[in-house]
Structure formats: C-alpha cells, structure tokens
$ cat my_file_19.tsv   # TSV, C-alpha atoms and all ligand atoms
chain	number	residue	atom	x	y	z
A	104	MET	CA	0.00	0.00	0.00
A	105	ALA	CA	1.17	3.49	-0.76
A	106	ALA	CA	2.12	5.39	2.37
A	107	ALA	CA	-0.15	8.08	3.71
A	108	LYS	CA	1.16	11.61	3.20
A	109	ILE	CA	-0.86	14.31	4.90
A	110	ALA	CA	0.10	17.68	3.41
A	111	PRO	CA	-1.33	20.83	4.99
A	112	SER	CA	-1.47	23.57	2.36
A	113	MET	CA	0.63	26.51	3.51
A	114	LEU	CA	-1.55	28.85	1.48
A	115	SER	CA	-4.00	28.70	4.38
A	116	SER	CA	-1.37	29.30	7.05
A	117	ASP	CA	-0.48	32.50	8.82
A	118	PHE	CA	1.99	33.91	6.29
A	119	ALA	CA	3.45	36.37	8.77
A	120	ASN	CA	4.73	33.39	10.72
A	121	LEU	CA	5.52	30.95	7.97
A	122	ALA	CA	8.48	29.34	9.74
A	123	SER	CA	6.57	28.71	12.96
A	124	GLU	CA	3.50	27.60	11.01
A	125	ALA	CA	5.63	25.03	9.18
A	126	GLU	CA	7.18	23.88	12.44
A	127	ARG	CA	3.70	23.66	14.06
A	128	MET	CA	2.30	21.49	11.26
A	129	VAL	CA	5.24	19.09	11.38
A	130	ARG	CA	4.90	18.87	15.14
A	131	LEU	CA	1.18	18.13	14.78
A	132	GLY	CA	1.91	15.22	12.46
A	133	ALA	CA	2.07	16.56	8.89
A	134	ASP	CA	4.12	14.42	6.50
A	135	TRP	CA	4.50	17.04	3.79
A	136	LEU	CA	3.96	20.79	3.55
A	137	HIS	CA	2.07	21.68	0.40
A	138	MET	CA	3.34	24.87	-1.30
A	139	ASP	CA	1.14	26.54	-3.94
A	140	ILE	CA	3.84	28.44	-5.77
A	141	MET	CA	1.69	29.40	-8.73
A	142	SER	CA	-1.49	30.12	-6.89
A	143	LEU	CA	-0.64	33.56	-5.55
A	144	ARG	CA	-0.25	34.98	-9.05
A	145	LYS	CA	-3.63	33.56	-9.99
A	146	HIS	CA	-5.28	35.39	-7.12
A	147	THR	CA	-3.73	38.83	-7.36
A	148	LYS	CA	-2.46	41.37	-9.86
A	149	ALA	CA	-0.17	42.82	-7.18
A	150	TYR	CA	3.56	43.29	-7.69
A	151	LEU	CA	5.13	40.15	-6.21
A	152	ASP	CA	8.37	41.30	-4.58
A	153	CYS	CA	10.37	38.10	-4.20
A	154	HIS	CA	13.36	37.94	-1.84
A	155	LEU	CA	15.41	34.81	-2.51
A	156	MET	CA	17.29	33.83	0.60
A	157	VAL	CA	18.81	30.84	-1.15
A	158	THR	CA	22.38	29.83	-1.91
A	159	ASN	CA	21.79	29.09	-5.60
A	160	PRO	CA	19.55	31.87	-6.95
A	161	SER	CA	20.21	31.03	-10.62
A	162	ASP	CA	18.30	27.78	-10.19
A	163	TYR	CA	15.19	29.78	-9.33
A	164	VAL	CA	15.10	32.36	-12.13
A	165	GLU	CA	13.13	30.31	-14.60
A	166	PRO	CA	10.62	28.80	-12.14
A	167	MET	CA	10.04	32.14	-10.41
A	168	GLY	CA	9.46	33.80	-13.77
A	169	LYS	CA	6.96	31.11	-14.71
A	170	ALA	CA	5.20	31.39	-11.36
A	171	GLY	CA	4.62	35.09	-12.01
A	172	ALA	CA	7.20	36.82	-9.80
A	173	SER	CA	7.51	40.54	-10.49
A	174	GLY	CA	10.77	41.31	-8.73
A	175	PHE	CA	13.61	38.86	-8.15
A	176	THR	CA	16.04	39.91	-5.42
A	177	PHE	CA	19.08	37.73	-4.82
A	178	HIS	CA	21.82	37.99	-2.19
A	179	ILE	CA	25.22	39.34	-3.22
A	180	GLU	CA	26.97	36.98	-0.80
A	181	VAL	CA	26.05	34.02	-3.01
A	182	ALA	CA	26.40	35.73	-6.38
A	183	LYS	CA	29.89	37.22	-6.24
A	184	ASP	CA	30.98	35.47	-9.44
A	185	ASN	CA	27.83	35.36	-11.55
A	186	TRP	CA	25.77	38.48	-10.83
A	187	GLN	CA	26.12	39.81	-14.37
A	188	GLU	CA	24.66	36.67	-15.87
A	189	LEU	CA	22.04	36.49	-13.15
A	190	ILE	CA	20.78	40.05	-13.78
A	191	GLN	CA	20.62	39.35	-17.50
A	192	ASN	CA	18.67	36.19	-16.90
A	193	ILE	CA	16.20	37.78	-14.49
A	194	LYS	CA	15.46	40.54	-17.02
A	195	SER	CA	15.06	38.08	-19.86
A	196	LYS	CA	12.34	36.32	-17.85
A	197	GLY	CA	10.49	39.61	-17.46
A	198	MET	CA	11.36	40.27	-13.82
A	199	ARG	CA	12.97	43.27	-12.12
A	200	PRO	CA	16.39	42.41	-10.70
A	201	GLY	CA	17.34	43.40	-7.17
A	202	VAL	CA	20.28	42.66	-4.92
A	203	SER	CA	20.26	42.21	-1.17
A	204	LEU	CA	22.98	42.39	1.44
A	205	ARG	CA	23.14	40.91	4.90
A	206	PRO	CA	24.00	43.08	7.93
A	207	GLY	CA	27.66	41.97	7.87
A	208	THR	CA	28.20	42.73	4.18
A	209	PRO	CA	29.64	46.15	3.31
A	210	VAL	CA	27.59	48.36	1.00
A	211	GLU	CA	30.58	48.67	-1.34
A	212	ASP	CA	29.93	45.08	-2.42
A	213	VAL	CA	26.71	46.05	-4.21
A	214	LEU	CA	27.82	49.31	-5.84
A	215	PRO	CA	29.19	47.61	-8.98
A	216	LEU	CA	25.77	46.02	-9.55
A	217	VAL	CA	24.04	49.39	-9.44
A	218	GLU	CA	26.62	50.95	-11.73
A	219	ALA	CA	26.79	48.09	-14.24
A	220	GLU	CA	25.76	48.57	-17.84
A	221	ASN	CA	22.94	46.14	-17.10
A	222	PRO	CA	22.18	47.17	-13.52
A	223	VAL	CA	19.99	45.98	-10.68
A	224	GLU	CA	16.96	48.20	-10.16
A	225	LEU	CA	16.62	47.73	-6.41
A	226	VAL	CA	18.94	47.28	-3.44
A	227	LEU	CA	17.52	45.53	-0.40
A	228	VAL	CA	19.38	46.45	2.77
A	229	MET	CA	18.70	43.78	5.41
A	230	THR	CA	18.04	45.35	8.80
A	231	VAL	CA	18.04	41.98	10.62
A	232	GLU	CA	19.91	38.74	9.98
A	233	PRO	CA	17.91	36.95	7.28
A	234	GLY	CA	15.89	34.02	8.48
A	235	PHE	CA	12.68	34.89	10.22
A	236	GLY	CA	10.20	37.62	11.07
A	237	GLY	CA	9.81	39.45	14.35
A	238	GLN	CA	13.47	40.39	14.95
A	239	LYS	CA	14.78	43.74	16.19
A	240	PHE	CA	15.56	46.47	13.63
A	241	MET	CA	19.30	47.32	13.37
A	242	PRO	CA	19.52	51.13	13.08
A	243	GLU	CA	23.25	50.95	12.34
A	244	MET	CA	22.34	49.65	8.87
A	245	MET	CA	21.07	53.14	7.99
A	246	ASP	CA	24.60	54.20	7.04
A	247	LYS	CA	24.29	51.86	4.05
A	248	VAL	CA	20.95	53.38	3.11
A	249	ARG	CA	22.36	56.92	3.37
A	250	THR	CA	25.37	56.02	1.22
A	251	LEU	CA	23.14	54.56	-1.48
A	252	ARG	CA	20.60	57.39	-1.43
A	253	LYS	CA	23.34	60.01	-1.70
A	254	LYS	CA	24.81	58.34	-4.77
A	255	TYR	CA	21.56	57.27	-6.45
A	256	PRO	CA	18.61	59.63	-5.99
A	257	CYS	CA	16.20	57.47	-8.04
A	258	LEU	CA	17.22	53.95	-6.96
A	259	ASP	CA	14.64	51.78	-5.20
A	260	ILE	CA	16.15	51.20	-1.76
A	261	GLU	CA	14.32	48.59	0.27
A	262	VAL	CA	14.68	47.81	3.97
A	263	ASP	CA	13.61	44.50	5.49
A	264	GLY	CA	13.49	43.40	9.11
A	265	GLY	CA	11.98	44.97	12.20
A	266	LEU	CA	10.20	47.77	10.35
A	267	GLY	CA	7.05	49.21	11.85
A	268	PRO	CA	5.60	52.46	13.19
A	269	SER	CA	8.39	52.82	15.79
A	270	THR	CA	11.31	52.33	13.38
A	271	ILE	CA	10.00	53.71	10.10
A	272	ASP	CA	11.07	57.34	10.60
A	273	VAL	CA	14.73	56.39	10.98
A	274	ALA	CA	14.61	54.31	7.80
A	275	ALA	CA	12.61	56.81	5.79
A	276	SER	CA	14.82	59.75	6.71
A	277	ALA	CA	17.92	57.74	5.77
A	278	GLY	CA	16.40	57.39	2.29
A	279	ALA	CA	14.63	54.04	2.14
A	280	ASN	CA	11.54	54.11	-0.08
A	281	CYS	CA	10.49	50.42	-0.22
A	282	ILE	CA	9.49	49.12	3.18
A	283	VAL	CA	9.09	45.41	3.95
A	284	ALA	CA	7.09	44.79	7.11
A	285	GLY	CA	5.93	41.43	8.38
A	286	SER	CA	4.95	41.19	12.02
A	287	SER	CA	4.12	44.89	12.42
A	288	ILE	CA	1.47	44.67	9.68
A	289	PHE	CA	0.13	41.14	10.08
A	290	GLY	CA	0.23	41.30	13.88
A	291	ALA	CA	-1.64	44.61	14.07
A	292	ALA	CA	-5.28	44.99	15.06
A	293	ASP	CA	-5.58	47.47	12.19
A	294	PRO	CA	-3.07	46.53	9.47
A	295	GLY	CA	-4.41	49.22	7.14
A	296	GLU	CA	-3.52	51.86	9.69
A	297	VAL	CA	0.05	50.52	9.95
A	298	ILE	CA	0.40	50.58	6.16
A	299	SER	CA	-0.74	54.17	6.10
A	300	VAL	CA	1.67	55.20	8.90
A	301	LEU	CA	4.55	53.61	6.96
A	302	ARG	CA	3.49	55.33	3.74
A	303	LYS	CA	3.17	58.75	5.37
A	304	SER	CA	6.64	58.50	6.84
A	305	VAL	CA	8.20	57.63	3.46
A	306	GLU	CA	6.22	60.24	1.56
A	307	GLY	CA	7.24	62.85	4.15
B	1	LIG	C1	13.70	38.09	7.24
B	1	LIG	C2	12.80	38.32	6.05
B	1	LIG	C3	11.76	39.36	6.29
B	1	LIG	C4	10.90	39.13	7.48
B	1	LIG	C5	10.41	40.46	7.97
B	1	LIG	O1	14.63	37.13	6.92
B	1	LIG	O2	13.59	38.73	4.94
B	1	LIG	O3	11.05	39.71	5.11
B	1	LIG	O4	9.82	38.27	7.24
B	1	LIG	O5	9.65	40.30	9.11
B	1	LIG	P1	9.50	41.45	10.20
B	1	LIG	O6	8.92	42.66	9.50
B	1	LIG	O7	8.59	40.85	11.19
B	1	LIG	O8	10.88	41.74	10.75
B	2	ZN	ZN	12.59	39.51	3.11
$ encode --input "my_file_19.tsv" --output "structure tokens"
Amino acid sequence: MAAAKIAPSMLSSDFANLASEAERMVRLGADWLHMDIMSLRKHTKAYLDCHLMVTNPSDYVEPMGKAGASGFTFHIEVAKDNWQELIQNIKSKGMRPGVSLRPGTPVEDVLPLVEAENPVELVLVMTVEPGFGGQKFMPEMMDKVRTLRKKYPCLDIEVDGGLGPSTIDVAASAGANCIVAGSSIFGAADPGEVISVLRKSVEG
C-alpha cells in the first residue's frame, strides 16, 4: 500500500509566521507541507516582490518567472561570481532584478551592480539577519541606506526586518523608499492603519 502523506497547504497558514506555522504542522503530524507556488499569481495582480534567501539563486530564475514573480532579489553573498549573468537572466524572464545584502556585508559590495551597464533596479538592505520575522531592527544599517541614497537619488532602496511604526522614521529619513514589514502589519489589530503610517513617513 502506498504510504499516507498528509500535506497541509501553507496557502492557508499565517503567512506572517511561515516558519513557525511550518514547524507547528510538522509537530502536529504533517508528513509534507504543500506549497502553492503558482497560486498567488492567480489570485492577485499585485507586484510580487520576491526575496530569494537561497544559496543558488540562478536555479530559481526560470521557475520564479513562470510562477509570475515581479521582482527577483538575490543575495550578493552568493552571487559574487555570476551576478552579471544572473541580472541578464532575471530581465530576460520579465522580472525586475534586485540585490540584497546581509548586515555583515559592506555596502561597497553592491555598488558595482548598481553601476553596471545592465544594472539591478533595487537594493535591499537587510536590517536583521535573514531568516525569520519578528526580529529587532538594526539602526546601524542606515549608514548603508544613506550612502546609497546620496549616490543614487532614483534607486529603489528597500529595507527589510523589524520595520514598523516605531522604526520607520529612521529608515525613511535615511532614504529608504520600499518598506518590507511582516509582524508589524500582520500582527496589528488594524493593518491598514500601519500601512498608512509607513506610507506617510516615506512620503514625508
Ligand atoms: C527576514 C525576512 C523578512 C521578514 C520580515 O529574513 O527577509 O522579510 O519576514 O519580518 P519582520 O517585519 O517581522 O521583521
Ligand atoms: Zn525579506
């Protein structure tokens, strides 16, 4: 007999806590976790800003393009030797290329990608160690944001990790214009209000 495989569909989980939701399902006896990679595109016209915290981003370009990703942001730490090819590839699949850097990576490492003939269109400055939501914002990362904003007035500069009403002003005044927020939005009683507070701070 074929073995039973019970696969909770993560599409119905609490997305703000994906890691703990996955852990909870495994603990409760799930065999598999079912991931509907295509289904989000079917259900929304929204810009899907995809942050690939993977060691081999090139393997994901084609599938992410097919699944309907809008932006494809890879980490510089794992693309030191092939970022030119990667950017080219991302664009050829109709996505907007972005590069991200971890807290320990100097901002100088991403400048060549912004200045390239075929450049990235977004820089994502991590304000926590990548991994999970709900961590504390690292204000010392704002030096990177300021350096980028000074050099590139029109670049999309994204911040990710610990952003919410109490940290947004620091990030916005440093020059960040794309704000990723997980727990502060999904954990709020009034998420729409949090979104509007974040927007007001960026728009000044
Ligand atoms: C962290 C991820 C974030 C995270 C943000 O590795 O890149 O996008 O989910 O969550 P908060 O806003 O809760 O810090
Ligand atoms: Zn992220």
$ residues_near_ligand --input "my_file_19.tsv" --ligand "ligand ZN 2 (chain B)" --cutoff "10 Å" --atoms "all atoms listed in the file" --output "MDAnalysis selection string"
chainID A and resid 152:156 176 203 227:231 233:236 261:264 283:285
$ closest_residue --input "my_file_19.tsv" --among "A:Val297, A:Gly168, A:Phe177, A:Leu258" --to "Glu218 in chain A" --atoms "only C-alpha atoms"
A:Leu258
$ closest_residue --input "my_file_19.tsv" --among "A:Ser304, A:Ser287, A:Thr147, A:Ser269" --to "ligand LIG 1 (chain B)" --atoms "all atoms listed in the file"
A:Ser287
$ closest_residue --input "my_file_19.tsv" --among "A:Val129, A:Leu121, A:Val305, A:Ala105" --to "ligand LIG 1 (chain B)" --atoms "all atoms listed in the file"
A:Leu121
$ closest_residue --input "my_file_19.tsv" --among "A:Cys257, A:Val217, A:Leu204, A:Asp293" --to "Ala182 in chain A" --atoms "only C-alpha atoms"
A:Leu204
